[in-house]
Structures are given as C-alpha cells and as structure tokens.
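A short write-up of the structure that comes next.
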Amino acid sequence: MDTAAVPFRPHRVVVLVLDGVLPFELGIPHRIFGRPKDSQGRHLYEVVTCSVRPPGTVDTDADFALHIGHGPATLATADTVIIPASYELGPVQEKGVLTDELAAALAHICPGTRLASICTGVYVVAAAGYLDGRPATTHWADADRLQRLFPRVRVDPGVLFIDDGDVLTSAGVAAGIDLCLHMVRRDHGTAVANEVARHTVVPPHRDGGQAQYIERPLPDPQQASTTTARAWALGRLHEPIQLRDMAEQVAMSVRTFTRRFREEVGVSPGQWLTQQRVERARHLLESTGLSVDQVAHDAGFGTAQSMRQHLQAALGVTPTAYRRTFRTEASSAVRR
C-alpha cells in the first residue's frame with residue numbers, strides 16, 4: 001500500500017465532562033494535547049469535549065457553568081477518552097455503580113479506545129468494569145474509599161499515574177498534567193513531550209510519586225533538604241554513584257539521608273537514580289546516533305544488557321525498538 005496516499009488524521013481525544021467537573025482538570029487535556037505538531041505544522045491531536053447529555057450546560061465546582069457543544073455519541077469517534085474529576089459523582093462514588101445516563105454514554109466507546117482518568121474520574125472507569133484485576137491510582141485522600149468500593153482493583157496510592165496499556169489513571173489535580181505529558185511521550189517521544197512541557201512551564205517528568213504530598217507533621221525547618229544531592233547526581237549520571245556519596249553532599253548519615261529522601265521525593269534514592277537514567281537513555285536514543293553500548297555508558301547503566309533490562313522493566317521495549325519508534329526526522333535534523 002502506498003502510505004503517501006493515506007490522508008493525515010490527528011489522534012482524536014474526547015474529554016467527557018460530568019456535572020461538578022473541576023475546571024482546572026478539564027483544561028489539562030486541551031492545554032497538553034493542543035500543543036504538539038508534526039514537521040509540517042499539523043496538530044498531532046484533535047481535542048473535543050462532550051457531555052453525557054445532548055449539547056447544553058454543565059455545572060462545574062466553581063461559580064460558573066460551561067456550555068458543552070457535543071453529546072455522548074461523540075465518544076464513538078474517540079481514539080482516547082479522558083474523564084476528569086467531578087465533585088458530583090453521586091452513586092458512582094458512593095455505591096460504585098453507574099447511573100443509567102452515564103452507562104448509556106460510556107456504551108458509545110468503541111473497543112480498543114484508550115481510556116484515561118484524572119483524579120476521581122477513576123471511579124467512573126472502575127464502575128464501568130475497566131479496572132477489574134488491574135492497577136490504578138487516584139488522589140491519595142480517595143485511595144482507601146476507591147479500594148473499599150472496588151476490591152478487585154489494585155489501588156496504588158503512592159504514584160502520580162499508572163499506565164496499564166489501554167487504561168491509564170492519575171492521582172489528583174496536577175497529576176493530570178503528568179499523565180497527559182506521559183501519553184504524548186508514549187505516542188511521539190520525549191522530544192515532543194519536553195517541548196510541550198517547556199511551553200506549559202512545567203517539568204517534563206516529576207520525581208517520585210504522590211507519597212511526597214500526603215499530609216504529614218511539618219518537618220523541622222532547620223532540617224536539610226536532599227535537593228543538593230539530587231542536583232549533584234544528575235550532573236554525573238554516567239558515573240557510578242553510591243548512596244554514601246549522595247549523603248555526603250548534604251552532610252547526612254546514609255540512614256538519615258535515605259529517610260529524608262523518601263519523605264521529599266516519594267521513592268528511594270536507588271529508585272530515583274534508575275528513573276533518571278532511564279530518562280537520560282530515552283533522550284539519547286531519540287536524539288543521537290550513539291550506539292546502544294555508548295548510550296548505556298552515558299546514561300550510567302554500565303552495560304547494554306543492564307540498560308535493556310531496565311528499559312524493558314520501565315517501558316516494556318528494548319533500546320533498539322524504542323529508538324526505531326521514536327527517533328524521528330526532526331531529531332535527525334537536530335543532529336545534523
């Protein structure tokens with residue numbers, strides 16, 4: 001088949017708006033997916049908003065309402081459906097069951113459509129049965145209730161988002177940005193996602209999970225931070241880095257540093273280092289012509305085999321497959 005004859009069609013993202021929607025979360029998909037363009041200046045995504053009812057007014061949790069111009073049948077046209085949080089989920093959040101209206105709307109979603117939720121939008125996904133036997137997350141304050149209502153869901157309250165292939169879930173509010181950037185990164189690579197993040201003035205990848213945001217007693221203001229150690233490590237990812245080396249940068253014992261690091265970042269120092277090295281490897285595979293062995297060295301994995309194991313665990317693909325998917329003409333132009 002002549003691929004040149006295939007007409008260009010942007011990936012269609014349909015955002016399902018429920019009564020009581022949080023305007024901030026509703027705006028996230030439009031801001032993140034509305035930015036990416038291909039080398040010819042064409043938008044890679046088309047974002048459409050719809051309601052569970054015919055076009056009309058939908059209340060928000062603020063002092064204004066929204067006019068939504070599309071009804072539930074629009075869900076049938078989606079490549080990705082995103083459900084932001086709502087404060088008026090009613091029986092969905094109280095009893096774990098869909099209303100007839102919501103069930104009828106979700107029935108329009110075609111098999112194979114990617115589904116994502118932001119914050120408490122996960123209740124809708126769970127009530128529809130998409131999460132049975134699968135991992136999911138939501139705002140840490142809702143995690144226990146989600147688990148009680150849906151015991152078949154494997155709830156993880158400590159992460160910013162979970163990618164389980166065709167179903168993705170995120171923690172509260174701003175974690176929706178992390179989730180949407182991740183989907184752009186998964187679809188089009190790190191370079192495209194980083195460009196969106198720069199223009200949105202947010203980090204392209206946040207360290208750790210939402211464990212760092214859970215309410216805890218305030219720390220002693222005189223306690224030192226691990227920020228300096230993280231910056232030091234990022235400048236030498238290609239070198240062997242020992243835990244004691246990081247602790248020495250902030251004059252802490254290894255035990256104190258490890259505890260403080262987990263409190264501030266949400267993961268252990270070792271997990272954080274692996275995350276940063278995976279991100280470095282992704283960037284080098286996309287934007288350079290370095291051999292896999294050299295990428296492994298520069299990212300700090302030491303050997304190509306070690307890097308393969310870590311990328312397989314984190315991304316589900318080998319370095320060669322990742323490069324084949326995401327090394328674009330744009331990155332080739334940058335190299336030249």
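Chain labels run A, B, ... following the order of the structure tokens; each chain numbers its residues from 1, and ligands are numbered from 1 in the order shown.
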key: Residues near segment 13-21 of chain A, cut-off 6 Å, only C-alpha atoms, skip fewer than 5 positions along chain, as a PyMOL selection string   = chain A and resi 46-51+58-61+78+80-83+85-88
task = May I have the residues within 10 Å of segment 198-202 of chain A as a PyMOL selection string, using only C-alpha atoms and disregarding those fewer than 3 positions away in the same chain?
result = chain A and resi 31-32+35+177-178+193-195+205-206
task = Using only C-alpha atoms, determine which residues lie at most 12 Å from Asp245 of chain A, disregarding the query and same-chain residues fewer than 3 positions distant; provide the list as an MDAnalysis selection string.
result = chainID A and resid 228:230 232:233 236 239:242 248:254 257:258 269
message = Just want the 12 Å neighbourhood of Thr256 of chain A, counted on only C-alpha atoms, with same-chain residues fewer than 4 positions away dropped. Output as a PyMOL selection string.
response = chain A and resi 223-226+243-244+246-248+250-252+260-263+269
request  = Do a neighbour search on His108 of chain A at 9 Å with only C-alpha atoms, toss out local chain neighbours closer than 2 positions, and write the hits as a list in words.
outcome  =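 Surrounding residues, per the criterion: Pro72, Ala73, Thr74, Leu75, Ala76, Thr77, Ala104, Ala105, Leu106 and Cys110 of chain A.
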request  = Output as a ChimeraX atom specification all residues of segment 66-126 of chain A that backbone DSSP marks as strand (DSSP E or B).
outcome  = /A:66-68,80-83,86,114-117
At a cut-off of 10 Å, using only C-alpha atoms, what residues contact Glu94 of chain A? Leave out same-chain residues fewer than 6 positions from it and give the result as a tab-separated table (two decimals) with C-alpha atoms, in the first residue's frame.
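File produced: out.tsv:
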```tsv
chain	number	residue	atom	x	y	z
A	123	TYR	CA	-14.47	5.99	39.92
A	145	ARG	CA	-12.51	4.53	49.57
A	146	LEU	CA	-11.72	3.51	45.99
A	149	LEU	CA	-15.75	0.18	46.70
```
